[in-house]
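**Student:** So here's entry-v7.tsv (TSV, C-alpha atoms).
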chain	number	residue	atom	x	y	z
A	297	MET	CA	0.37	56.95	3.48
A	298	PRO	CA	1.52	55.39	0.18
A	299	GLY	CA	5.15	56.62	0.47
A	300	SER	CA	5.55	55.11	3.91
A	301	ALA	CA	4.14	51.76	2.71
A	302	LYS	CA	6.65	51.73	-0.13
A	303	ILE	CA	9.57	52.40	2.21
A	304	PHE	CA	8.27	49.72	4.58
A	305	LYS	CA	8.20	47.17	1.74
A	306	LEU	CA	11.68	48.17	0.64
A	307	ILE	CA	13.06	47.66	4.14
A	308	LEU	CA	11.34	44.29	4.39
A	309	LEU	CA	12.92	43.27	1.10
A	310	PHE	CA	16.32	44.46	2.33
A	311	LEU	CA	15.97	42.45	5.55
A	312	LEU	CA	14.99	39.36	3.56
A	313	PHE	CA	18.03	39.80	1.34
A	314	LEU	CA	20.25	40.34	4.39
A	315	SER	CA	19.00	37.17	6.07
A	316	LEU	CA	19.65	35.18	2.89
A	317	VAL	CA	23.20	36.55	2.66
A	318	ILE	CA	23.85	35.79	6.35
A	319	CYS	CA	22.44	32.28	5.97
A	320	HIS	CA	24.61	31.64	2.93
A	321	LEU	CA	27.72	32.99	4.65
A	322	SER	CA	27.19	30.82	7.71
A	323	LEU	CA	26.78	27.73	5.52
A	324	VAL	CA	29.98	28.53	3.62
A	325	SER	CA	32.00	29.13	6.78
A	326	ALA	CA	30.73	25.86	8.28
A	327	GLN	CA	32.30	23.86	5.43
A	328	THR	CA	35.83	22.61	5.91
A	329	SER	CA	38.31	23.00	3.08
A	330	LEU	CA	38.36	19.20	2.63
A	331	GLU	CA	34.58	19.14	2.20
A	332	GLN	CA	34.83	22.01	-0.27
A	333	ALA	CA	37.50	20.15	-2.23
A	334	LYS	CA	35.29	17.04	-2.30
A	335	GLN	CA	32.33	19.07	-3.53
A	336	ASP	CA	34.40	20.78	-6.19
A	337	TYR	CA	35.72	17.44	-7.43
A	338	ALA	CA	32.20	15.97	-7.57
A	339	TYR	CA	31.03	19.04	-9.52
A	340	GLN	CA	33.91	18.79	-12.03
A	341	LEU	CA	33.22	15.07	-12.43
A	342	GLY	CA	29.58	15.79	-13.31
A	343	LYS	CA	30.67	18.45	-15.77
A	344	TYR	CA	33.20	16.06	-17.30
A	345	ARG	CA	30.45	13.49	-17.97
A	346	ASP	CA	28.28	16.14	-19.67
A	347	ASN	CA	31.19	17.35	-21.84
A	348	HIS	CA	32.10	13.79	-22.78
A	349	GLU	CA	28.55	13.23	-24.00
A	350	THR	CA	28.51	16.38	-26.15
A	351	TYR	CA	31.99	15.59	-27.51
A	352	THR	CA	30.87	12.05	-28.51
A	353	LYS	CA	27.79	13.43	-30.28
A	354	ALA	CA	29.82	16.08	-32.17
A	355	LYS	CA	32.39	13.47	-33.18
A	356	ALA	CA	29.68	11.08	-34.47
A	357	ASN	CA	28.05	13.93	-36.36
A	358	TYR	CA	31.32	14.90	-38.04
A	359	GLN	CA	32.14	11.31	-38.94
A	360	ALA	CA	28.67	10.88	-40.49
A	361	TYR	CA	28.46	14.12	-42.55
A	362	GLN	CA	32.09	15.32	-42.96
A	363	THR	CA	31.01	18.93	-43.50
A	364	ALA	CA	32.99	22.04	-42.54
A	365	THR	CA	30.32	23.04	-40.01
A	366	ALA	CA	30.36	19.58	-38.44
A	367	LYS	CA	34.15	19.71	-38.31
A	368	ASN	CA	34.11	23.09	-36.60
A	369	GLU	CA	31.52	21.84	-34.12
A	370	ALA	CA	33.63	18.73	-33.45
A	371	PHE	CA	36.70	20.94	-32.89
A	372	LEU	CA	34.88	23.21	-30.44
A	373	LYS	CA	33.31	20.37	-28.45
A	374	THR	CA	36.53	18.33	-28.31
A	375	LYS	CA	38.48	21.37	-27.17
A	376	GLU	CA	35.87	22.04	-24.48
A	377	TYR	CA	36.04	18.39	-23.43
A	378	LEU	CA	39.83	18.38	-23.12
A	379	VAL	CA	39.78	21.59	-21.11
A	380	GLN	CA	37.29	19.89	-18.79
A	381	VAL	CA	39.55	16.83	-18.44
A	382	ASP	CA	42.25	19.20	-17.19
A	383	ASN	CA	39.78	20.91	-14.85
A	384	LEU	CA	38.81	17.53	-13.43
A	385	TYR	CA	42.44	16.64	-12.75
A	386	VAL	CA	43.13	20.02	-11.16
A	387	ALA	CA	40.16	19.46	-8.79
A	388	TYR	CA	41.31	15.91	-8.09
A	389	LEU	CA	44.87	16.99	-7.26
A	390	ALA	CA	43.46	19.70	-4.97
A	391	LEU	CA	41.42	17.04	-3.15
A	392	VAL	CA	44.48	14.79	-2.70
A	393	LYS	CA	46.49	17.77	-1.44
A	394	GLU	CA	43.73	18.78	0.95
A	395	SER	CA	43.61	15.20	2.31
A	396	ALA	CA	47.28	15.58	3.27
A	397	ASN	CA	46.17	18.03	5.96
A	398	SER	CA	44.28	15.21	7.72
A	399	VAL	CA	47.45	13.11	8.00
A	400	ASP	CA	49.59	13.43	11.13
A	401	TRP	CA	53.03	14.27	9.67
A	402	THR	CA	54.75	14.83	13.04
A	403	SER	CA	56.69	11.55	12.73
A	404	ASN	CA	57.90	12.45	9.22
A	405	PRO	CA	57.46	16.13	8.27
A	406	SER	CA	59.89	15.94	5.29
A	407	GLU	CA	57.64	13.32	3.68
A	408	GLY	CA	54.72	15.73	3.95
A	409	GLU	CA	56.73	18.42	2.14
A	410	ARG	CA	57.75	15.97	-0.59
A	411	VAL	CA	54.12	14.96	-1.16
A	412	LYS	CA	53.07	18.60	-1.54
A	413	LYS	CA	55.94	19.24	-3.97
A	414	LEU	CA	54.94	16.27	-6.15
A	415	LEU	CA	51.32	17.43	-6.22
A	416	ASP	CA	52.38	20.97	-7.15
A	417	GLU	CA	54.46	19.65	-10.04
A	418	GLU	CA	51.53	17.64	-11.38
A	419	ASN	CA	49.22	20.59	-11.00
A	420	ALA	CA	51.65	22.82	-12.94
A	421	TYR	CA	51.82	20.27	-15.77
A	422	ILE	CA	48.03	20.02	-16.05
A	423	SER	CA	47.62	23.83	-15.98
A	424	ASN	CA	50.20	24.22	-18.79
A	425	HIS	CA	48.48	21.53	-20.82
A	426	GLN	CA	45.18	23.36	-20.42
A	427	LYS	CA	46.79	26.57	-21.72
A	428	ASP	CA	48.11	24.67	-24.75
A	429	ILE	CA	44.66	23.27	-25.48
A	430	GLN	CA	43.16	26.74	-25.31
A	431	LEU	CA	45.65	27.95	-27.93
A	432	THR	CA	44.72	25.29	-30.50
A	433	GLN	CA	43.15	26.51	-33.74
A	434	ASN	CA	41.98	23.40	-35.55
A	435	LEU	CA	40.76	19.86	-35.01
A	436	GLU	CA	44.01	18.21	-36.17
A	437	GLU	CA	45.90	19.71	-33.19
A	438	LEU	CA	43.68	18.06	-30.58
A	439	PRO	CA	44.43	14.30	-30.86
A	440	PRO	CA	48.21	14.79	-30.28
A	441	ALA	CA	47.46	17.06	-27.31
A	442	ALA	CA	45.16	14.40	-25.85
A	443	LYS	CA	47.81	11.73	-26.41
A	444	GLN	CA	50.37	13.92	-24.63
A	445	LEU	CA	48.14	14.16	-21.57
A	446	GLN	CA	47.35	10.45	-21.61
A	447	ASP	CA	51.09	9.60	-21.68
A	448	ARG	CA	51.75	11.91	-18.74
A	449	LEU	CA	48.85	10.45	-16.74
A	450	THR	CA	49.84	6.84	-17.30
A	451	GLN	CA	53.61	7.29	-17.02
A	452	THR	CA	53.92	9.83	-14.23
A	453	THR	CA	50.77	11.22	-12.61
A	454	SER	CA	49.07	7.92	-11.70
A	455	GLY	CA	52.29	6.46	-10.29
A	456	ARG	CA	52.89	9.55	-8.20
A	457	ILE	CA	49.31	9.57	-6.94
A	458	TYR	CA	49.47	5.88	-5.92
A	459	ASN	CA	52.78	6.63	-4.21
A	460	ILE	CA	51.24	9.55	-2.32
A	461	LEU	CA	48.23	7.45	-1.23
A	462	ALA	CA	50.59	4.69	-0.04
A	463	ILE	CA	52.54	7.31	1.95
A	464	TYR	CA	49.31	8.61	3.54
A	465	GLU	CA	48.42	5.09	4.69
A	466	THR	CA	51.92	4.30	5.96
A	467	VAL	CA	52.28	7.54	7.89
A	468	ASN	CA	48.82	7.01	9.36
A	469	VAL	CA	49.62	3.48	10.59
A	470	ASN	CA	52.95	4.71	11.92
A	471	SER	CA	51.27	7.42	14.00
A	472	LEU	CA	48.62	4.93	15.25
A	473	LEU	CA	51.33	2.53	16.40
A	474	ALA	CA	53.25	5.36	18.09
A	475	GLU	CA	50.09	6.37	19.93
A	476	PHE	CA	49.43	2.78	21.01
A	477	LEU	CA	52.97	2.54	22.41
A	478	ARG	CA	52.62	5.84	24.25
A	479	LEU	CA	49.26	4.89	25.76
A	480	SER	CA	50.35	1.42	26.86
A	481	SER	CA	53.46	2.86	28.50
A	482	SER	CA	51.34	5.50	30.33
A	483	ILE	CA	49.01	2.76	31.56
A	484	ASP	CA	52.03	0.74	32.69
A	485	GLY	CA	53.13	3.71	34.77
A	486	LEU	CA	49.67	4.00	36.34
A	487	ILE	CA	49.68	0.29	37.20
A	488	ASP	CA	53.05	0.67	38.95
A	489	GLN	CA	51.72	3.65	40.87
A	490	LYS	CA	48.59	1.84	42.01
A	491	TYR	CA	50.21	-1.53	42.73
A	492	PRO	CA	53.80	-0.71	43.75
A	493	THR	CA	54.57	-4.10	45.28
A	494	GLU	CA	52.18	-6.94	44.51
A	495	LYS	CA	50.34	-6.76	41.19
A	496	PRO	CA	47.17	-8.68	40.30
A	497	SER	CA	47.74	-11.68	38.04
A	498	VAL	CA	45.71	-9.98	35.27
A	499	VAL	CA	48.46	-7.36	34.88
A	500	ALA	CA	51.09	-9.89	33.82
A	501	ASN	CA	48.75	-11.34	31.20
A	502	TRP	CA	47.77	-7.86	30.02
A	503	ARG	CA	51.41	-6.88	29.61
A	504	SER	CA	52.19	-9.99	27.56
A	505	GLU	CA	49.15	-9.31	25.34
A	506	VAL	CA	50.25	-5.70	24.81
A	507	GLU	CA	53.76	-6.89	23.97
A	508	SER	CA	52.47	-9.29	21.33
A	509	VAL	CA	50.33	-6.50	19.76
A	510	LYS	CA	53.40	-4.25	19.72
A	511	GLN	CA	55.56	-6.86	18.02
A	512	GLU	CA	52.96	-7.90	15.44
A	513	ALA	CA	52.08	-4.32	14.54
A	514	ALA	CA	55.75	-3.28	14.33
A	515	ALA	CA	56.49	-6.25	12.05
A	516	GLY	CA	53.49	-5.31	9.85
A	517	LEU	CA	54.68	-1.70	9.63
A	518	GLU	CA	58.15	-2.85	8.68
A	519	ASP	CA	56.66	-4.89	5.82
A	520	ILE	CA	54.71	-1.86	4.62
A	521	GLN	CA	57.80	0.33	4.72
A	522	LYS	CA	59.75	-2.27	2.74
A	523	LEU	CA	57.03	-2.34	0.09
A	524	LEU	CA	57.02	1.44	-0.09
A	525	ALA	CA	60.81	1.52	-0.38
A	526	GLN	CA	60.57	-0.69	-3.49
A	527	THR	CA	58.99	2.17	-5.44
A	528	LEU	CA	61.35	3.93	-7.83
A	529	ASP	CA	61.32	7.61	-8.81
A	530	ASP	CA	58.31	8.31	-6.57
A	531	LEU	CA	56.19	5.98	-8.72
A	532	THR	CA	54.00	3.25	-7.23
A	533	SER	CA	51.89	0.88	-9.31
A	534	GLU	CA	48.24	0.21	-8.57
A	535	MET	CA	49.16	-3.35	-7.58
A	536	GLN	CA	51.80	-2.12	-5.10
A	537	LEU	CA	49.25	0.23	-3.58
A	538	LYS	CA	46.76	-2.65	-3.20
A	539	ASN	CA	49.44	-4.75	-1.45
A	540	ILE	CA	50.26	-1.88	0.90
A	541	ASP	CA	46.55	-1.30	1.50
A	542	SER	CA	45.95	-4.91	2.54
A	543	LYS	CA	48.96	-4.84	4.88
A	544	VAL	CA	47.74	-1.58	6.39
A	545	LYS	CA	44.35	-3.18	7.06
A	546	ASN	CA	46.13	-6.07	8.73
A	547	VAL	CA	48.08	-3.76	11.07
A	548	ASN	CA	44.89	-1.84	11.84
A	549	GLN	CA	43.25	-5.11	12.80
A	550	ILE	CA	46.15	-5.97	15.12
A	551	LEU	CA	45.97	-2.53	16.72
A	552	GLY	CA	42.19	-3.00	17.02
A	553	LYS	CA	42.84	-5.62	19.74
A	554	SER	CA	44.00	-2.75	21.95
A	555	LYS	CA	40.38	-1.58	22.36
A	556	SER	CA	39.44	-4.56	24.55
A	557	LEU	CA	42.90	-4.62	26.19
A	558	PHE	CA	42.64	-1.00	27.29
A	559	ALA	CA	39.04	-1.41	28.47
A	560	GLU	CA	40.07	-4.42	30.54
A	561	ILE	CA	42.98	-2.72	32.29
A	562	LEU	CA	41.04	0.49	32.97
A	563	ARG	CA	38.71	-1.48	35.26
A	564	LEU	CA	41.68	-2.17	37.53
A	565	LEU	CA	42.82	1.45	37.71
B	10	MET	CA	16.58	113.35	-3.90
B	11	LYS	CA	13.32	111.43	-3.29
B	12	ASN	CA	13.07	110.64	-7.00
B	13	PHE	CA	16.60	109.44	-7.01
B	14	GLN	CA	15.86	107.02	-4.07
B	15	GLU	CA	12.67	105.78	-5.74
B	16	GLY	CA	14.67	105.03	-8.86
B	17	LEU	CA	17.16	102.95	-6.86
B	18	MET	CA	14.38	100.93	-5.18
B	19	GLU	CA	12.75	100.23	-8.53
B	20	GLU	CA	16.04	99.04	-9.87
B	21	GLU	CA	16.43	96.67	-6.89
B	22	ILE	CA	12.92	95.24	-7.37
B	23	ILE	CA	13.56	94.74	-11.07
B	24	ASN	CA	16.84	93.05	-10.33
B	25	GLU	CA	15.14	90.71	-7.90
B	26	GLU	CA	12.33	89.85	-10.30
B	27	MET	CA	14.58	89.45	-13.32
B	28	PRO	CA	16.33	86.10	-13.69
B	29	GLU	CA	20.03	86.19	-13.08
B	30	THR	CA	21.95	87.18	-16.13
B	31	ASP	CA	25.56	86.86	-16.93
B	32	PRO	CA	27.59	90.06	-17.14
B	33	SER	CA	27.99	89.23	-20.80
B	34	GLY	CA	24.21	89.45	-21.17
B	35	LEU	CA	23.70	85.77	-22.04
B	36	ALA	CA	20.95	83.51	-20.52
B	37	PRO	CA	21.81	81.75	-17.14
B	38	ALA	CA	23.65	78.43	-17.42
B	39	PRO	CA	21.19	75.49	-17.28
B	40	GLN	CA	23.69	73.44	-15.21
B	41	LYS	CA	23.52	75.97	-12.38
B	42	ARG	CA	19.72	75.68	-12.30
B	43	LEU	CA	19.94	71.87	-12.28
B	44	ILE	CA	22.35	71.91	-9.35
B	45	VAL	CA	20.04	74.17	-7.37
B	46	LYS	CA	17.05	71.93	-8.16
B	47	SER	CA	18.90	68.72	-7.25
B	48	GLN	CA	20.08	70.30	-4.00
B	49	GLU	CA	16.49	71.16	-3.17
B	50	LYS	CA	15.39	67.62	-4.01
B	51	LEU	CA	18.18	66.17	-1.90
B	52	LEU	CA	17.18	68.33	1.04
B	53	ALA	CA	13.55	67.27	0.66
B	54	LEU	CA	14.60	63.60	0.49
B	55	LEU	CA	16.75	63.96	3.60
B	56	LYS	CA	13.83	65.54	5.41
B	57	ASN	CA	11.60	62.68	4.28
B	58	ILE	CA	14.11	60.09	5.44
B	59	THR	CA	14.54	61.68	8.84
B	60	GLY	CA	10.75	61.75	9.07
B	61	TYR	CA	10.50	58.04	8.27
B	62	LEU	CA	13.29	57.15	10.65
B	63	LYS	CA	11.30	58.61	13.51
B	64	LYS	CA	8.43	56.15	12.91
B	65	PRO	CA	8.31	53.28	15.43
B	66	LYS	CA	7.77	50.64	12.70
B	67	ILE	CA	10.90	51.64	10.87
B	68	ILE	CA	12.90	51.89	14.09
B	69	THR	CA	11.79	48.36	15.03
B	70	LEU	CA	12.76	47.00	11.62
B	71	VAL	CA	16.17	48.65	11.69
B	72	LEU	CA	16.75	47.38	15.23
B	73	LEU	CA	15.77	43.84	14.16
B	74	GLY	CA	18.24	44.03	11.30
B	75	LEU	CA	21.01	45.25	13.59
B	76	ILE	CA	20.24	42.52	16.15
B	77	ALA	CA	20.44	39.89	13.39
B	78	ILE	CA	23.86	41.16	12.34
B	79	VAL	CA	25.14	41.34	15.93
B	80	VAL	CA	23.88	37.80	16.71
B	81	TYR	CA	25.47	36.47	13.53
B	82	LEU	CA	28.82	38.12	14.28
B	83	GLY	CA	28.70	36.89	17.89
B	84	LEU	CA	28.01	33.29	16.86
B	85	ASN	CA	30.73	33.48	14.25
B	86	LEU	CA	33.25	34.71	16.82
B	87	LEU	CA	32.26	31.95	19.25
B	88	SER	CA	32.65	29.26	16.59
B	89	ARG	CA	36.11	30.54	15.69
B	90	LYS	CA	37.39	30.17	19.22
B	91	ASN	CA	39.22	27.02	20.16
B	92	GLU	CA	36.72	24.32	19.26
B	93	GLU	CA	38.28	21.83	21.60
B	94	ALA	CA	37.90	24.23	24.48
B	95	ALA	CA	34.25	24.69	23.60
B	96	VAL	CA	33.57	20.97	24.02
B	97	ASP	CA	33.61	20.21	27.69
B	98	ASN	CA	34.81	16.65	28.03
B	99	THR	CA	35.59	16.75	31.74
B	100	PRO	CA	33.61	14.14	33.63
B	101	LYS	CA	30.76	15.70	35.60
B	102	ALA	CA	30.68	15.12	39.33
B	103	VAL	CA	27.73	12.86	40.16
B	104	THR	CA	26.29	13.31	43.60
B	105	SER	CA	25.45	10.00	45.13
B	106	THR	CA	24.36	8.85	48.59
B	107	SER	CA	26.73	5.88	48.56
B	108	PRO	CA	30.44	6.47	49.24
B	109	GLN	CA	32.42	6.73	46.00
B	110	ALA	CA	36.04	6.10	45.15
B	111	SER	CA	37.83	9.27	44.11
B	112	ILE	CA	38.64	9.48	40.39
B	113	ASN	CA	42.31	9.80	39.65
B	114	PRO	CA	42.75	12.73	37.23
B	115	LYS	CA	45.51	10.81	35.44
B	116	THR	CA	43.11	7.89	34.86
B	117	ALA	CA	40.45	10.28	33.56
B	118	GLY	CA	43.00	11.78	31.16
B	119	ILE	CA	44.13	8.42	29.88
B	120	THR	CA	40.51	7.32	29.39
B	121	ARG	CA	39.94	10.33	27.15
B	122	GLU	CA	43.11	9.59	25.19
B	123	ILE	CA	42.07	5.95	24.74
B	124	ASP	CA	38.68	7.10	23.41
B	125	ASN	CA	40.45	9.36	20.88
B	126	PHE	CA	42.71	6.51	19.86
B	127	LYS	CA	39.73	4.20	19.35
B	128	SER	CA	37.97	6.74	17.14
B	129	LYS	CA	41.17	7.15	15.07
B	130	LEU	CA	41.36	3.37	14.66
B	131	GLU	CA	37.74	3.16	13.53
B	132	ASN	CA	37.76	6.21	11.24
B	133	SER	CA	40.97	6.64	9.32
B	134	PRO	CA	41.68	10.35	8.76
B	135	VAL	CA	42.30	9.69	5.06
B	136	ASP	CA	40.09	7.30	3.16
B	137	THR	CA	42.33	6.40	0.22
B	138	THR	CA	39.61	4.22	-1.35
B	139	GLN	CA	37.76	7.48	-2.09
B	140	LEU	CA	40.85	8.98	-3.72
B	141	ASP	CA	41.31	6.79	-6.79
B	142	PRO	CA	42.36	8.85	-9.82
B	143	PRO	CA	39.48	9.61	-12.20
B	144	LYS	CA	39.26	7.46	-15.34
B	145	VAL	CA	39.13	9.71	-18.38
B	146	ASP	CA	38.72	8.92	-22.07
B	147	LEU	CA	41.68	10.43	-23.93
B	148	ASN	CA	41.49	8.26	-27.01
B	149	ILE	CA	40.69	11.18	-29.32
B	150	THR	CA	40.63	10.13	-32.98
B	151	PHE	CA	38.86	11.55	-36.05
Write out the structure in this file as structure tokens.
**Tutor:**
Amino acid sequence: MPGSAKIFKLILLFLLFLSLVICHLSLVSAQTSLEQAKQDYAYQLGKYRDNHETYTKAKANYQAYQTATAKNEAFLKTKEYLVQVDNLYVAYLALVKESANSVDWTSNPSEGERVKKLLDEENAYISNHQKDIQLTQNLEELPPAAKQLQDRLTQTTSGRIYNILAIYETVNVNSLLAEFLRLSSSIDGLIDQKYPTEKPSVVANWRSEVESVKQEAAAGLEDIQKLLAQTLDDLTSEMQLKNIDSKVKNVNQILGKSKSLFAEILRLL
Amino acid sequence: MKNFQEGLMEEEIINEEMPETDPSGLAPAPQKRLIVKSQEKLLALLKNITGYLKKPKIITLVLLGLIAIVVYLGLNLLSRKNEEAAVDNTPKAVTSTSPQASINPKTAGITREIDNFKSKLENSPVDTTQLDPPKVDLNITF
């Protein structure tokens, strides 16, 4: 029956469509918001590169021919490019903000709030700049608008971002040290339970090793906090961030000794 | 009397055969006819659909579709539940012929915590090297 065959095909098509929708939905729900932010940033970066290329071509064309059409084309492509620069920064700020959710702020929740506030302020500035760009009518308006954004990025945004990244690293090291202290004290308690009177000689050596890790890591963290405190008006330079980064790596290395220390003592328990 | 009744019957037959006319004597509204036709079509379509729905092939396809939706919703619900609870990290009891020392639950707990700590040390939750601000060209001159 031809009618029945038609309906059958239609239902098959519907089922195929349904399975595609379900598959897509499951893939979307499997993504974390951090992964989504990373993907969005990568996409905006690709788009930025394309827009930069078209802007450069339009600019070269205008400089070569100096016609009204070339000027209009240069205006349109430059405007598009500047809008994309703002889009790229919005995606980047979203990624930095999303990364804050991976940091354990329990030791310093107010710092987490401050970081989010700074990021929101930067985001508001970029969004307003984008609106201004969209309102421009001619080519002459674009270079000052670009300069305005560049000044903001170099004088405020970059400094704030480096400061935020330094805070992420410091808070992370702080929480790692706190966890190391908690774990070593729990193990100490277990040792006392298992060996209430006479303890094996290994225990004394283990305790002195743990103590030296504690002291070295605490001293390293203090150095990091001093470096971070040197920043003024929430602005950190790239050099300061690099210094903090190397000190953070150093503390991580010190805390890394705990892996073998814990493994060793667990054999006794 | 008989003639009078015959006249009435004729009138009825004529009324039935004649298309409906407005009291004003104008032709019937085309919209009314369209509504009647579309109602008939709708009824026919409904009958067709109910006919198709009774076919085993169609029933199977509809059932398959419903099963797919139910399975998807079920899996989605399961994945939304506490993920940590879903991962069973408790050490499994291993049956062995040789006598075995009993595992202290506190030791087992601390071992798990040490493993978590190690993974945090190895993989920092935030990789700041991947978060450098983008370098953009804002030297716009004409």
**Student:** Could you give me, as a ChimeraX atom specification, the residues within 7 Å of segment 408-412 of chain A, counting all atoms listed in the file and dropping anything in the same chain fewer than 5 positions from it?
**Tutor:** /A:393,401,460
**Student:** Could you name the residues that touch Lys66 of chain B at 12 Å or less, counting only C-alpha atoms, but leaving out those on the same chain fewer than 5 positions away, as JSON, numbers by chain?
**Tutor:** {"A": [300, 301, 303, 304, 305, 307, 308], "B": [61, 71, 72, 73]}
**Student:** For a test of reading the model, state the distance in Å between atom CA of Tyr351 of chain A and atom CA of Asn419 of chain A, rounded to one decimal.
**Tutor:**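 Calculated distance between atom CA of Tyr351 of chain A and atom CA of Asn419 of chain A is 24.4 Å.
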**Student:** Under the rule of at most 8 Å, produce a per-residue listing of chain A near chain B: chain, number, name, the closest pair of atoms, and the distance in Å, as a tab-separated table, using all atoms listed in the file.
**Tutor:**
residue	atom	partner	partner_atom	distance
A:Ser300	CA	B:Tyr61	CA	7.2
A:Phe304	CA	B:Ile67	CA	7.1
A:Ile307	CA	B:Leu70	CA	7.5
A:Leu308	CA	B:Leu70	CA	7.9
A:Leu311	CA	B:Gly74	CA	6.4
A:Ser315	CA	B:Ala77	CA	7.9
A:Ile318	CA	B:Tyr81	CA	7.4
A:Ser322	CA	B:Asn85	CA	7.9
A:Lys355	CA	B:Phe151	CA	7.3
A:Gln359	CA	B:Phe151	CA	7.3
A:Val381	CA	B:Val145	CA	7.1
A:Tyr385	CA	B:Pro143	CA	7.6
A:Tyr388	CA	B:Pro142	CA	7.3
A:Val392	CA	B:Leu140	CA	6.9
A:Ser395	CA	B:Val135	CA	6.3
A:Ala396	CA	B:Val135	CA	7.9
A:Ser398	CA	B:Pro134	CA	5.6
A:Val399	CA	B:Pro134	CA	6.4
A:Leu438	CA	B:Ile149	CA	7.6
A:Pro439	CA	B:Ile149	CA	5.1
A:Ala442	CA	B:Leu147	CA	5.6
A:Lys443	CA	B:Leu147	CA	6.7
A:Leu445	CA	B:Leu147	CA	7.8
A:Gln446	CA	B:Leu147	CA	6.1
A:Ser454	CA	B:Pro142	CA	7.0
A:Ile457	CA	B:Pro142	CA	7.6
A:Leu461	CA	B:Thr137	CA	6.2
A:Tyr464	CA	B:Val135	CA	7.3
A:Glu465	CA	B:Val135	CA	7.7
A:Asn468	CA	B:Ser133	CA	7.9
A:Leu472	CA	B:Leu130	CA	7.4
A:Glu475	CA	B:Phe126	CA	7.4
A:Phe476	CA	B:Phe126	CA	7.8
A:Leu479	CA	B:Ile123	CA	7.3
A:Ser482	CA	B:Ile119	CA	7.8
A:Ile483	CA	B:Ile119	CA	7.7
A:Leu486	CA	B:Thr116	CA	7.8
A:Asn548	CA	B:Leu130	CA	6.9
A:Leu551	CA	B:Leu130	CA	7.8
A:Gly552	CA	B:Leu130	CA	6.8
A:Lys555	CA	B:Lys127	CA	6.5
A:Phe558	CA	B:Ile123	CA	7.4
A:Leu562	CA	B:Thr120	CA	7.7
A:Leu565	CA	B:Thr116	CA	7.0
**Student:** Would you mind reading off the distance between atom CA of Gly342 of chain A and atom CA of Leu384 of chain A, one decimal, in Å?
**Tutor:**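 Atom CA of Gly342 of chain A sits 9.4 Å away from atom CA of Leu384 of chain A.
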**Student:** Got a minute to add N, CA and C atoms to segment 64-76 of chain B and dump it as a PDB file, in the frame of the given file?
**Tutor:**
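File part28.pdb, as written:
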ATOM      1  N   LYS B  64       9.612  57.005  12.728  1.00  0.00           N
ATOM      2  CA  LYS B  64       8.430  56.150  12.910  1.00  0.00           C
ATOM      3  C   LYS B  64       8.803  54.876  13.665  1.00  0.00           C
ATOM      4  N   PRO B  65       7.969  54.460  14.622  1.00  0.00           N
ATOM      5  CA  PRO B  65       8.310  53.280  15.430  1.00  0.00           C
ATOM      6  C   PRO B  65       8.477  52.007  14.594  1.00  0.00           C
ATOM      7  N   LYS B  66       7.669  51.860  13.521  1.00  0.00           N
ATOM      8  CA  LYS B  66       7.770  50.640  12.700  1.00  0.00           C
ATOM      9  C   LYS B  66       9.150  50.524  12.086  1.00  0.00           C
ATOM     10  N   ILE B  67       9.593  51.637  11.548  1.00  0.00           N
ATOM     11  CA  ILE B  67      10.900  51.640  10.870  1.00  0.00           C
ATOM     12  C   ILE B  67      12.013  51.391  11.879  1.00  0.00           C
ATOM     13  N   ILE B  68      11.879  52.068  13.055  1.00  0.00           N
ATOM     14  CA  ILE B  68      12.900  51.890  14.090  1.00  0.00           C
ATOM     15  C   ILE B  68      12.995  50.422  14.488  1.00  0.00           C
ATOM     16  N   THR B  69      11.813  49.780  14.656  1.00  0.00           N
ATOM     17  CA  THR B  69      11.790  48.360  15.030  1.00  0.00           C
ATOM     18  C   THR B  69      12.477  47.517  13.971  1.00  0.00           C
ATOM     19  N   LEU B  70      12.156  47.800  12.704  1.00  0.00           N
ATOM     20  CA  LEU B  70      12.760  47.000  11.620  1.00  0.00           C
ATOM     21  C   LEU B  70      14.271  47.164  11.583  1.00  0.00           C
ATOM     22  N   VAL B  71      14.718  48.406  11.724  1.00  0.00           N
ATOM     23  CA  VAL B  71      16.170  48.650  11.690  1.00  0.00           C
ATOM     24  C   VAL B  71      16.841  47.953  12.873  1.00  0.00           C
ATOM     25  N   LEU B  72      16.195  48.044  14.039  1.00  0.00           N
ATOM     26  CA  LEU B  72      16.750  47.380  15.230  1.00  0.00           C
ATOM     27  C   LEU B  72      16.842  45.874  15.022  1.00  0.00           C
ATOM     28  N   LEU B  73      15.771  45.291  14.417  1.00  0.00           N
ATOM     29  CA  LEU B  73      15.770  43.840  14.160  1.00  0.00           C
ATOM     30  C   LEU B  73      16.932  43.459  13.249  1.00  0.00           C
ATOM     31  N   GLY B  74      17.131  44.274  12.233  1.00  0.00           N
ATOM     32  CA  GLY B  74      18.240  44.030  11.300  1.00  0.00           C
ATOM     33  C   GLY B  74      19.570  44.082  12.019  1.00  0.00           C
ATOM     34  N   LEU B  75      19.752  45.096  12.845  1.00  0.00           N
ATOM     35  CA  LEU B  75      21.010  45.250  13.590  1.00  0.00           C
ATOM     36  C   LEU B  75      21.226  44.081  14.536  1.00  0.00           C
ATOM     37  N   ILE B  76      20.129  43.655  15.210  1.00  0.00           N
ATOM     38  CA  ILE B  76      20.240  42.520  16.150  1.00  0.00           C
ATOM     39  C   ILE B  76      20.668  41.269  15.389  1.00  0.00           C
TER      40      ILE B  76
END
